[in-house]
Each structure stands twice: as structure tokens, then as C-alpha cells.
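Structure record follows, encoded as C-alpha cells.
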Amino acid sequence: MIQRKTQEPSYWETFQPAPDDLEYLKNLLVEREMPLSTEEMARALVAFRCRKEEERIAHILSGGSLYLPKNSYQVGDTVFFPSLDFVGGQVVGIRDGRNPQLGPFRVIQVAFPEGRVREFAAELPVHKLNDVPQEDPGPALSPEELYARYGESVQKALTARLEAEPGFVSLVGQWFLKDLLVEIPTGQLNVAEAVLDEAGGGPLPADALIGYLDMPKEVNPQLALFSLNHALFEDERFDEVGPAGQILWYLRRLEPAPILDPPARLRPRQVEYDHRLLDETLLNLERWLGDEWSDMVAPPKAEEPVRVVLTYPHRRSGTLPLSPAVARVCPTGRTHRIRFIFRDEETGEEMPGWVVRERRFVYGLGEWYERYDLPVGAYVEIRRAKEPGVVLIRRRPTRPKREWVRAVSVEDGVLRFEMGRHMISCEYDDLLVIAVTDPAALDVAEERVRRERRSLADVVAEIFPELAKLSPQGTVHAATLYSAVNLVMRVPPGPILTTLVTDDRYTFVGDYYWVSRGRPGW
């Protein structure tokens, strides 16, 4: 009985596309004259492998015999070898075998198509290759059933191989041959630019642009769209900003400047520190703060709405941190920048938003923050809307009233803190709230820190006593210090907490509070 390798799990679990597989896929794309998805190509490839195996078996059964060591052969016989992937050869010689332990047997010399001659045992009654199962293993799985079981492995291997093949091009999980794409002249791309310009920069899909272009009538519409998308992707004037599963185009020159060149206050300072110095208590605080640059393990599932506490860099820049929890609410995609819509849950107003993945922030809330006069430390909640590409956002409003909160000012480039009454109309975090009345002065202080290349330890040493004086006990909560340091230096919690742990000037007194070492009473 012939054992079909395609029925074995290991065949598909270790699957790697071969050159004839790629040739088959090329012919398939030429025949259909349209792009195919990775899934469509993987399904076709599974069917191709099964069909090729059946054709080989039919050829074996019609033109030769299967090799078994117990059989006898004559010069001129054609023999196929299951253990060699059913490759066939012709018997060109026979001699006696010499091995006293095996008894009498014969040795056949077999010439293979590439010219190589190998020897095999024959008329040998005892050999493991003689033990061919005679029982019917049951009906073979169809290509569709095989794909249902092993399609994921096939797709993964196929994607890796096609990405390494220069002749194939891919867009959003679809593939075609680069040499057969429809040529899109520069003049046509200029027309596409004008259409996007008229639309305020975008975003628009290719099918909203292609009607303005002079495309050949005989070309398959799907291939025309694919070719246009590829041409736009190759032209630096255009930026692909669609969420996962969509291709949407925007004019790069009309995108908001901060998403192309983020403000310095959003760029984290590189501070060397040893994360292992933080115990589990301090790590829990870092997780709670949810800084996008902490690189903490993401929660298994982000409960919605996701609550964010505004820090100064994001409040001033009109952004949200793209923490793991926020990233699971916002649209995802393969592009660097993804455009979507924010919708205010209170008013229904819609605002364009941008996910900037590589810089870990979400842009588009500057006017919204100003409208509600949100302070540093305010709570903001986001959740997914029912419509794709829309994120609902809300503050947590309260009756406007003057609250006693810490406020920052700048004297001779140095931060000063005091308690004062400030009008607030939303819920906020007591530990992180800071009233900022003169952002321009903070810009000067931030520039001073950057210009003088001040270390984190120096900034902490300057700010810590200012915060300590606001407490009768002289204590400073680590979260408050984090919020204050980020007024002038963008640093995640880890380096700040490590500074407190390793610097002899500070003493931990419990509950995330610290005091200056040597303070009377401690």
C-alpha cells in the first residue's frame, strides 16, 4: 500500500514552499489576472501538492514497481523508492550480496535520472522496509480538510517565502507579480495628488481615486486597484494610513506636523538603569502609571473603557500615551501612522485622530483638551465604538469649582511648587494633578534642562524639596515626583523609581512615599 505523505501531520507542520510551488503560483496569478490573498494562494498550494502526489502515484503504478527489499528485480526494470519521495530509477546491474549475518541476498544497481547510480538490497526477506502496512488507513483527507487542519502553518511559511521573493509584491495580505502590474505614469499620480488635495489631504481609498485616472479598459478592476495602490505606496508624496484590513491614502505634506516630527517633550530621555532594583511593590506602581515607554507586560485583556491619567507631555501636545491598554482600543495596522476618528461622548463631535505607532502616542486632542480646560492629572476614558475606525472619548465631568491642588511656576528657570485654588470641572488623580498656568515658562525650563544636559538625578534633586515642602511630614509620593519630573524631562517611571532607590539622599517611608534623608523625625 502506498502511503501518501500529504496525509501526515509532519508534512504540513514542516512545510516549506519549493521552486515548483512558486512557479505554480506565478502561473496561477497570470491565469487569473488578479491579486490573490495569502489564504487563497495557500489553499491553492495545498491542492497543488495533493494533486501532484496523486499524479506521481498514478505514474508509479502505470510504469514501474515500488521498491521492497524482499522483491527480486531484473536489469531494465523501473523501480520507484517511497523513502526517496518516490523518485524512480532503472536497474542497470545485479550482483550477489556479501554479508554472512544476513544470509544470501542480491544487490541491484539503480541509475537515477540525474546520472547517479546507487545500490540497494534485493531478495532480502528480513528488512524493516518490507513491513509495509496492508490495512486500509481509512479515507484520505481532502485538500480542503487538510487546509482546515494545517492552513495556518502553510500560510506562515508561504508568507515568509514570498516576502523574500523580489518577483512578488504584497499589499494588505494580497499578492501579485511585480512585472505584470499595470504601469501608473507620473501624470496619473499627479492627478491622484490633486484629488486628495481637494479632499483636504484624505483619507481616501484607491477606488475613490481610480475613476479620475485613465486606466486601460481591458484590465481586471482588482488588478488596476492593486497596481494603483502599489504605485502610491512607492511614491513618497502619499502615506498609507488605513487601519488593519484597509488601504487609505493621505497626502504626507498635509498631515499634522507633530505626527511626522513629534515634539521633543514626547521623546523619552535615554537613562541607563537596572530594572531589577525595583521590587514587586514598585513594579506595581509602574504598571499602574501606565507609561507608554515602561515596556511592562501588557494586561491579558484591556477592560473598556480604558482610563488614562493625563501627564504634562501629553496634555501639552494634545496626545494620549499609546500604552498597551490604549493600543488595544485604538485601530491597529501595519503602517507607521493610522488615521481614525475620535468621537466626544458628551457632544457627539468628531475629531480626526492619528495613531503614531513607532513613537507610541495618539494625536488629535489638543483643541478638545483646551475646550474642557483639562488639567495635568485629569482622567480621560476611551473605548471602541460600534463602527470600525471610531474611538469614543470622554472626560469625567464634575460641577466646576475651585480645588486646592499643587501648582507649578518657574523662577529663573527653576521649578517652584505651591498649593493653590484652581478652577477644575472634571475628576482627576490627586497624586498626579498639577496646575500649569504658564506653559511658555515651562518651555524655557525644559529647554534649559536639555541645553545643559542635566541628568535625571539633578532634576530629581531640584524638584524633590519643592514637592516635600507641600507636605507637613516632608513626604513625596513617587507618582507625584513622576508627574513633576515630566514637566521638564520626558522619563518613564522606572528610571525615576530607581533613582529614589539608589540615591542616598532619599529614604523610603512606606506607601510609595519618600523623604529626604536626615529629615528630623525620620
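Within each chain, counting starts at residue 1; across the C-alpha cells, chains are named A, B, ... in the order shown, with ligands numbered 1 upward in that order.
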Original post:
Got a sec: who's within 12 Å of Leu260 (chain A), counting only C-alpha atoms, leaving out chain neighbours fewer than 3 positions off, as a list in words?
Top reply: Asp239, Arg252, Arg253, Leu254, Glu255, Pro256, Ala257, Pro263, His336, Arg337, Trp354, Val355, Val356, Arg357, Glu358, Arg359, Phe361 and Tyr363 of chain A
Please dump the current selection as a PDB file, in the first residue's frame; keep N, CA, C and O atoms.
ATOM      1  N   ASP A 239       0.883  58.753   1.771  1.00  0.00           N
ATOM      2  CA  ASP A 239       1.075  57.989   3.008  1.00  0.00           C
ATOM      3  C   ASP A 239      -0.117  57.068   3.196  1.00  0.00           C
ATOM      4  O   ASP A 239      -1.270  57.514   3.137  1.00  0.00           O
ATOM      5  N   ARG A 252       1.125  63.267   2.421  1.00  0.00           N
ATOM      6  CA  ARG A 252       2.064  63.421   3.523  1.00  0.00           C
ATOM      7  C   ARG A 252       2.250  64.891   3.900  1.00  0.00           C
ATOM      8  O   ARG A 252       2.357  65.239   5.075  1.00  0.00           O
ATOM      9  N   ARG A 253       2.272  65.774   2.905  1.00  0.00           N
ATOM     10  CA  ARG A 253       2.520  67.190   3.201  1.00  0.00           C
ATOM     11  C   ARG A 253       1.361  67.851   3.941  1.00  0.00           C
ATOM     12  O   ARG A 253       1.536  68.936   4.514  1.00  0.00           O
ATOM     13  N   LEU A 254       0.190  67.223   3.953  1.00  0.00           N
ATOM     14  CA  LEU A 254      -0.953  67.795   4.660  1.00  0.00           C
ATOM     15  C   LEU A 254      -1.222  67.103   5.996  1.00  0.00           C
ATOM     16  O   LEU A 254      -2.177  67.455   6.684  1.00  0.00           O
ATOM     17  N   GLU A 255      -0.397  66.146   6.349  1.00  0.00           N
ATOM     18  CA  GLU A 255      -0.551  65.517   7.661  1.00  0.00           C
ATOM     19  C   GLU A 255      -0.091  66.475   8.753  1.00  0.00           C
ATOM     20  O   GLU A 255       0.791  67.320   8.519  1.00  0.00           O
ATOM     21  N   PRO A 256      -0.676  66.382   9.939  1.00  0.00           N
ATOM     22  CA  PRO A 256      -0.251  67.266  11.031  1.00  0.00           C
ATOM     23  C   PRO A 256       1.246  67.130  11.298  1.00  0.00           C
ATOM     24  O   PRO A 256       1.778  66.015  11.373  1.00  0.00           O
ATOM     25  N   ALA A 257       1.910  68.264  11.440  1.00  0.00           N
ATOM     26  CA  ALA A 257       3.372  68.253  11.633  1.00  0.00           C
ATOM     27  C   ALA A 257       3.813  67.399  12.817  1.00  0.00           C
ATOM     28  O   ALA A 257       4.818  66.675  12.716  1.00  0.00           O
ATOM     29  N   PRO A 263       7.003  66.499  18.872  1.00  0.00           N
ATOM     30  CA  PRO A 263       7.686  67.462  19.744  1.00  0.00           C
ATOM     31  C   PRO A 263       8.652  66.762  20.684  1.00  0.00           C
ATOM     32  O   PRO A 263       8.451  65.608  21.084  1.00  0.00           O
ATOM     33  N   HIS A 336       2.987  53.065   9.763  1.00  0.00           N
ATOM     34  CA  HIS A 336       3.536  53.839  10.881  1.00  0.00           C
ATOM     35  C   HIS A 336       2.485  54.773  11.475  1.00  0.00           C
ATOM     36  O   HIS A 336       2.474  55.039  12.668  1.00  0.00           O
ATOM     37  N   ARG A 337       1.614  55.294  10.628  1.00  0.00           N
ATOM     38  CA  ARG A 337       0.589  56.246  11.082  1.00  0.00           C
ATOM     39  C   ARG A 337      -0.777  55.756  10.617  1.00  0.00           C
ATOM     40  O   ARG A 337      -0.949  55.416   9.448  1.00  0.00           O
ATOM     41  N   TRP A 354      -4.866  60.276  15.127  1.00  0.00           N
ATOM     42  CA  TRP A 354      -3.767  59.573  14.472  1.00  0.00           C
ATOM     43  C   TRP A 354      -3.043  58.686  15.482  1.00  0.00           C
ATOM     44  O   TRP A 354      -2.614  59.172  16.537  1.00  0.00           O
ATOM     45  N   VAL A 355      -2.923  57.415  15.166  1.00  0.00           N
ATOM     46  CA  VAL A 355      -2.075  56.516  15.945  1.00  0.00           C
ATOM     47  C   VAL A 355      -0.678  56.556  15.332  1.00  0.00           C
ATOM     48  O   VAL A 355      -0.509  56.257  14.147  1.00  0.00           O
ATOM     49  N   VAL A 356       0.302  56.963  16.131  1.00  0.00           N
ATOM     50  CA  VAL A 356       1.694  57.013  15.655  1.00  0.00           C
ATOM     51  C   VAL A 356       2.434  55.893  16.395  1.00  0.00           C
ATOM     52  O   VAL A 356       2.941  56.090  17.502  1.00  0.00           O
ATOM     53  N   ARG A 357       2.467  54.741  15.780  1.00  0.00           N
ATOM     54  CA  ARG A 357       2.897  53.526  16.492  1.00  0.00           C
ATOM     55  C   ARG A 357       4.352  53.573  16.926  1.00  0.00           C
ATOM     56  O   ARG A 357       4.680  53.239  18.060  1.00  0.00           O
ATOM     57  N   GLU A 358       5.243  53.968  16.006  1.00  0.00           N
ATOM     58  CA  GLU A 358       6.660  53.896  16.346  1.00  0.00           C
ATOM     59  C   GLU A 358       7.048  54.898  17.426  1.00  0.00           C
ATOM     60  O   GLU A 358       8.037  54.704  18.135  1.00  0.00           O
ATOM     61  N   ARG A 359       6.271  55.984  17.580  1.00  0.00           N
ATOM     62  CA  ARG A 359       6.568  56.968  18.625  1.00  0.00           C
ATOM     63  C   ARG A 359       5.657  56.811  19.842  1.00  0.00           C
ATOM     64  O   ARG A 359       5.726  57.590  20.783  1.00  0.00           O
ATOM     65  N   PHE A 361       2.343  57.255  20.566  1.00  0.00           N
ATOM     66  CA  PHE A 361       1.351  58.212  21.035  1.00  0.00           C
ATOM     67  C   PHE A 361       0.190  58.274  20.050  1.00  0.00           C
ATOM     68  O   PHE A 361       0.287  57.817  18.912  1.00  0.00           O
ATOM     69  N   TYR A 363      -2.460  61.103  18.481  1.00  0.00           N
ATOM     70  CA  TYR A 363      -2.527  62.556  18.313  1.00  0.00           C
ATOM     71  C   TYR A 363      -3.942  63.004  17.899  1.00  0.00           C
ATOM     72  O   TYR A 363      -4.675  62.259  17.274  1.00  0.00           O
TER      73      TYR A 363
END
Subject >> Expected answer as a count of residues only: helix (DSSP H, G or I) residues in region 13-217 of chain A >> reply: 90
**OP:** Quick one: pull the distance between CA of Arg360 (chain A) and CA of Ala199 (chain A), Å, one decimal.
**Re:**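 It comes out at 27.7 Å.
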Subject >> Selection: 9 Å around Gln246 (chain A), only C-alpha atoms, excl. self and same-chain fewer than 5 positions, as a list of chain:residue names >> reply: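 After dropping sequence-adjacent residues, the list is A:Val172, A:Pro205, A:Val241, A:Gly333.
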Restricting the output to N, CA and C atoms, write the selected residues as a PDB file, in the first residue's frame.
ATOM      1  N   VAL A 172      -1.658  44.542   1.909  1.00  0.00           N
ATOM      2  CA  VAL A 172      -2.738  44.132   2.804  1.00  0.00           C
ATOM      3  C   VAL A 172      -3.093  42.664   2.588  1.00  0.00           C
ATOM      4  N   PRO A 205      -9.740  55.853  -0.227  1.00  0.00           N
ATOM      5  CA  PRO A 205      -9.270  54.574  -0.769  1.00  0.00           C
ATOM      6  C   PRO A 205      -8.931  54.736  -2.248  1.00  0.00           C
ATOM      7  N   VAL A 241      -2.508  55.232   5.454  1.00  0.00           N
ATOM      8  CA  VAL A 241      -2.890  55.491   6.842  1.00  0.00           C
ATOM      9  C   VAL A 241      -4.086  54.657   7.285  1.00  0.00           C
ATOM     10  N   GLY A 333      -2.776  48.466  12.647  1.00  0.00           N
ATOM     11  CA  GLY A 333      -2.453  48.350  11.230  1.00  0.00           C
ATOM     12  C   GLY A 333      -0.972  48.121  11.055  1.00  0.00           C
TER      13      GLY A 333
END
Original post:
Counting only C-alpha atoms, what is within 9 Å of Pro313 (chain A), bar same-chain residues fewer than 3 positions away, as JSON, numbers by chain?
Top reply: {"A": [265, 266, 310, 316, 317, 318, 319, 486, 487, 488, 489, 490]}
**OP:** Determine, counting only C-alpha atoms, which protein, DNA and RNA residues have an atom within 8 Å of an atom of Val460 (chain A); residues of the same chain fewer than 6 positions away are not included. Present the result as a PyMOL selection string.
**Re:** chain A and resi 481+485+496
Write out the residues from the selection above, keeping C-alpha atoms, as a PDB file, in the first residue's frame.
ATOM      1  CA  LEU A 481       7.520  63.051  41.549  1.00  0.00           C
ATOM      2  CA  VAL A 485       9.746  65.494  36.581  1.00  0.00           C
ATOM      3  CA  ILE A 496      12.814  57.778  38.486  1.00  0.00           C
TER       4      ILE A 496
END
Subject >> Surrounding residues of Glu462 (chain A) excluding itself and chain neighbours under 3 positions, 12 Å, only C-alpha atoms, as a PyMOL selection string >> reply: chain A and resi 413-417+449+454-459+465-468+481+484-485+488+505+516
Subject >> 6 Å contact set for region 75-78 of chain A, only C-alpha atoms, chain neighbours under 5 positions out, as a PyMOL selection string >> reply: chain A and resi 64+89-93
Deliver the residues from the most recent selection as a file, using C-alpha atoms, as an mmCIF file, in the first residue's frame.
data_model
loop_
_atom_site.group_PDB
_atom_site.id
_atom_site.type_symbol
_atom_site.label_atom_id
_atom_site.label_comp_id
_atom_site.auth_asym_id
_atom_site.auth_seq_id
_atom_site.Cartn_x
_atom_site.Cartn_y
_atom_site.Cartn_z
ATOM 1 C CA GLY A 64 7.127 0.503 -12.664
ATOM 2 C CA GLY A 89 15.372 4.798 -11.426
ATOM 3 C CA GLN A 90 16.313 1.948 -13.760
ATOM 4 C CA VAL A 91 18.044 -1.255 -12.699
ATOM 5 C CA VAL A 92 21.363 -1.381 -14.614
ATOM 6 C CA GLY A 93 23.160 -4.188 -12.789
#
Original post:
What does the distance from CA of Leu28 (chain A) to CA of Ala44 (chain A) come to in Å, to one decimal?
Top reply: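 Value for the CA of Leu28 (chain A)-CA of Ala44 (chain A) distance: 8.8 Å.
Backbone DSSP assigns strand (DSSP E or B) in region 162-220 of chain A to Phe168, Val169, Ser170, Leu171, Gln174, Trp175, Phe176, Leu177 and Leu204 of chain A.
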Output of the above residues as a PDB file, in the first residue's frame, restricted to all heavy atoms:
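part-v1.pdb, written as the output of this step:
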ATOM      1  N   PHE A 168       7.460  38.949  -6.343  1.00  0.00           N
ATOM      2  CA  PHE A 168       6.117  39.067  -5.794  1.00  0.00           C
ATOM      3  C   PHE A 168       5.999  40.381  -5.022  1.00  0.00           C
ATOM      4  O   PHE A 168       6.941  40.813  -4.359  1.00  0.00           O
ATOM      5  CB  PHE A 168       5.805  37.911  -4.848  1.00  0.00           C
ATOM      6  CG  PHE A 168       5.603  36.584  -5.534  1.00  0.00           C
ATOM      7  CD1 PHE A 168       6.697  35.775  -5.851  1.00  0.00           C
ATOM      8  CD2 PHE A 168       4.338  36.137  -5.857  1.00  0.00           C
ATOM      9  CE1 PHE A 168       6.526  34.551  -6.464  1.00  0.00           C
ATOM     10  CE2 PHE A 168       4.152  34.908  -6.479  1.00  0.00           C
ATOM     11  CZ  PHE A 168       5.255  34.112  -6.785  1.00  0.00           C
ATOM     12  N   VAL A 169       4.835  41.012  -5.105  1.00  0.00           N
ATOM     13  CA  VAL A 169       4.558  42.208  -4.311  1.00  0.00           C
ATOM     14  C   VAL A 169       3.291  41.965  -3.519  1.00  0.00           C
ATOM     15  O   VAL A 169       2.392  41.234  -3.951  1.00  0.00           O
ATOM     16  CB  VAL A 169       4.410  43.477  -5.183  1.00  0.00           C
ATOM     17  CG1 VAL A 169       5.736  43.861  -5.803  1.00  0.00           C
ATOM     18  CG2 VAL A 169       3.350  43.282  -6.255  1.00  0.00           C
ATOM     19  N   SER A 170       3.216  42.593  -2.335  1.00  0.00           N
ATOM     20  CA  SER A 170       2.089  42.355  -1.433  1.00  0.00           C
ATOM     21  C   SER A 170       1.528  43.669  -0.935  1.00  0.00           C
ATOM     22  O   SER A 170       2.265  44.622  -0.666  1.00  0.00           O
ATOM     23  CB  SER A 170       2.544  41.509  -0.239  1.00  0.00           C
ATOM     24  OG  SER A 170       1.526  41.422   0.740  1.00  0.00           O
ATOM     25  N   LEU A 171       0.217  43.721  -0.811  1.00  0.00           N
ATOM     26  CA  LEU A 171      -0.485  44.846  -0.189  1.00  0.00           C
ATOM     27  C   LEU A 171      -1.654  44.290   0.603  1.00  0.00           C
ATOM     28  O   LEU A 171      -2.521  43.623   0.047  1.00  0.00           O
ATOM     29  CB  LEU A 171      -0.992  45.843  -1.241  1.00  0.00           C
ATOM     30  CG  LEU A 171       0.055  46.716  -1.937  1.00  0.00           C
ATOM     31  CD1 LEU A 171      -0.592  47.485  -3.086  1.00  0.00           C
ATOM     32  CD2 LEU A 171       0.691  47.685  -0.954  1.00  0.00           C
ATOM     33  N   GLN A 174      -2.577  40.684   0.100  1.00  0.00           N
ATOM     34  CA  GLN A 174      -2.808  40.223  -1.261  1.00  0.00           C
ATOM     35  C   GLN A 174      -1.498  40.260  -2.033  1.00  0.00           C
ATOM     36  O   GLN A 174      -0.628  41.095  -1.772  1.00  0.00           O
ATOM     37  CB  GLN A 174      -3.861  41.081  -1.970  1.00  0.00           C
ATOM     38  CG  GLN A 174      -5.278  40.869  -1.451  1.00  0.00           C
ATOM     39  CD  GLN A 174      -6.302  41.442  -2.408  1.00  0.00           C
ATOM     40  OE1 GLN A 174      -6.142  42.555  -2.901  1.00  0.00           O
ATOM     41  NE2 GLN A 174      -7.352  40.691  -2.663  1.00  0.00           N
ATOM     42  N   TRP A 175      -1.381  39.367  -3.036  1.00  0.00           N
ATOM     43  CA  TRP A 175      -0.122  39.208  -3.760  1.00  0.00           C
ATOM     44  C   TRP A 175      -0.358  39.268  -5.265  1.00  0.00           C
ATOM     45  O   TRP A 175      -1.406  38.857  -5.762  1.00  0.00           O
ATOM     46  CB  TRP A 175       0.517  37.862  -3.416  1.00  0.00           C
ATOM     47  CG  TRP A 175       0.855  37.703  -1.974  1.00  0.00           C
ATOM     48  CD1 TRP A 175       0.040  37.249  -0.980  1.00  0.00           C
ATOM     49  CD2 TRP A 175       2.106  38.019  -1.355  1.00  0.00           C
ATOM     50  NE1 TRP A 175       0.695  37.261   0.218  1.00  0.00           N
ATOM     51  CE2 TRP A 175       1.970  37.724   0.031  1.00  0.00           C
ATOM     52  CE3 TRP A 175       3.335  38.504  -1.816  1.00  0.00           C
ATOM     53  CZ2 TRP A 175       3.006  37.907   0.928  1.00  0.00           C
ATOM     54  CZ3 TRP A 175       4.372  38.676  -0.920  1.00  0.00           C
ATOM     55  CH2 TRP A 175       4.202  38.386   0.438  1.00  0.00           C
ATOM     56  N   PHE A 176       0.673  39.783  -5.968  1.00  0.00           N
ATOM     57  CA  PHE A 176       0.677  39.721  -7.427  1.00  0.00           C
ATOM     58  C   PHE A 176       2.122  39.761  -7.886  1.00  0.00           C
ATOM     59  O   PHE A 176       3.048  39.913  -7.080  1.00  0.00           O
ATOM     60  CB  PHE A 176      -0.125  40.870  -8.041  1.00  0.00           C
ATOM     61  CG  PHE A 176      -0.576  40.584  -9.443  1.00  0.00           C
ATOM     62  CD1 PHE A 176      -1.524  39.606  -9.688  1.00  0.00           C
ATOM     63  CD2 PHE A 176      -0.025  41.271 -10.525  1.00  0.00           C
ATOM     64  CE1 PHE A 176      -1.929  39.313 -10.982  1.00  0.00           C
ATOM     65  CE2 PHE A 176      -0.421  40.981 -11.817  1.00  0.00           C
ATOM     66  CZ  PHE A 176      -1.382  40.010 -12.055  1.00  0.00           C
ATOM     67  N   LEU A 177       2.306  39.601  -9.198  1.00  0.00           N
ATOM     68  CA  LEU A 177       3.646  39.608  -9.780  1.00  0.00           C
ATOM     69  C   LEU A 177       4.042  41.033 -10.145  1.00  0.00           C
ATOM     70  O   LEU A 177       3.290  41.736 -10.834  1.00  0.00           O
ATOM     71  CB  LEU A 177       3.685  38.716 -11.019  1.00  0.00           C
ATOM     72  CG  LEU A 177       3.340  37.239 -10.780  1.00  0.00           C
ATOM     73  CD1 LEU A 177       3.309  36.484 -12.094  1.00  0.00           C
ATOM     74  CD2 LEU A 177       4.352  36.619  -9.833  1.00  0.00           C
ATOM     75  N   LEU A 204      -8.556  58.705   1.583  1.00  0.00           N
ATOM     76  CA  LEU A 204      -9.418  58.150   0.552  1.00  0.00           C
ATOM     77  C   LEU A 204      -8.859  56.803   0.109  1.00  0.00           C
ATOM     78  O   LEU A 204      -7.646  56.612   0.057  1.00  0.00           O
ATOM     79  CB  LEU A 204      -9.476  59.087  -0.668  1.00  0.00           C
ATOM     80  CG  LEU A 204     -10.210  60.416  -0.511  1.00  0.00           C
ATOM     81  CD1 LEU A 204     -10.075  61.236  -1.788  1.00  0.00           C
ATOM     82  CD2 LEU A 204     -11.686  60.189  -0.179  1.00  0.00           C
TER      83      LEU A 204
END
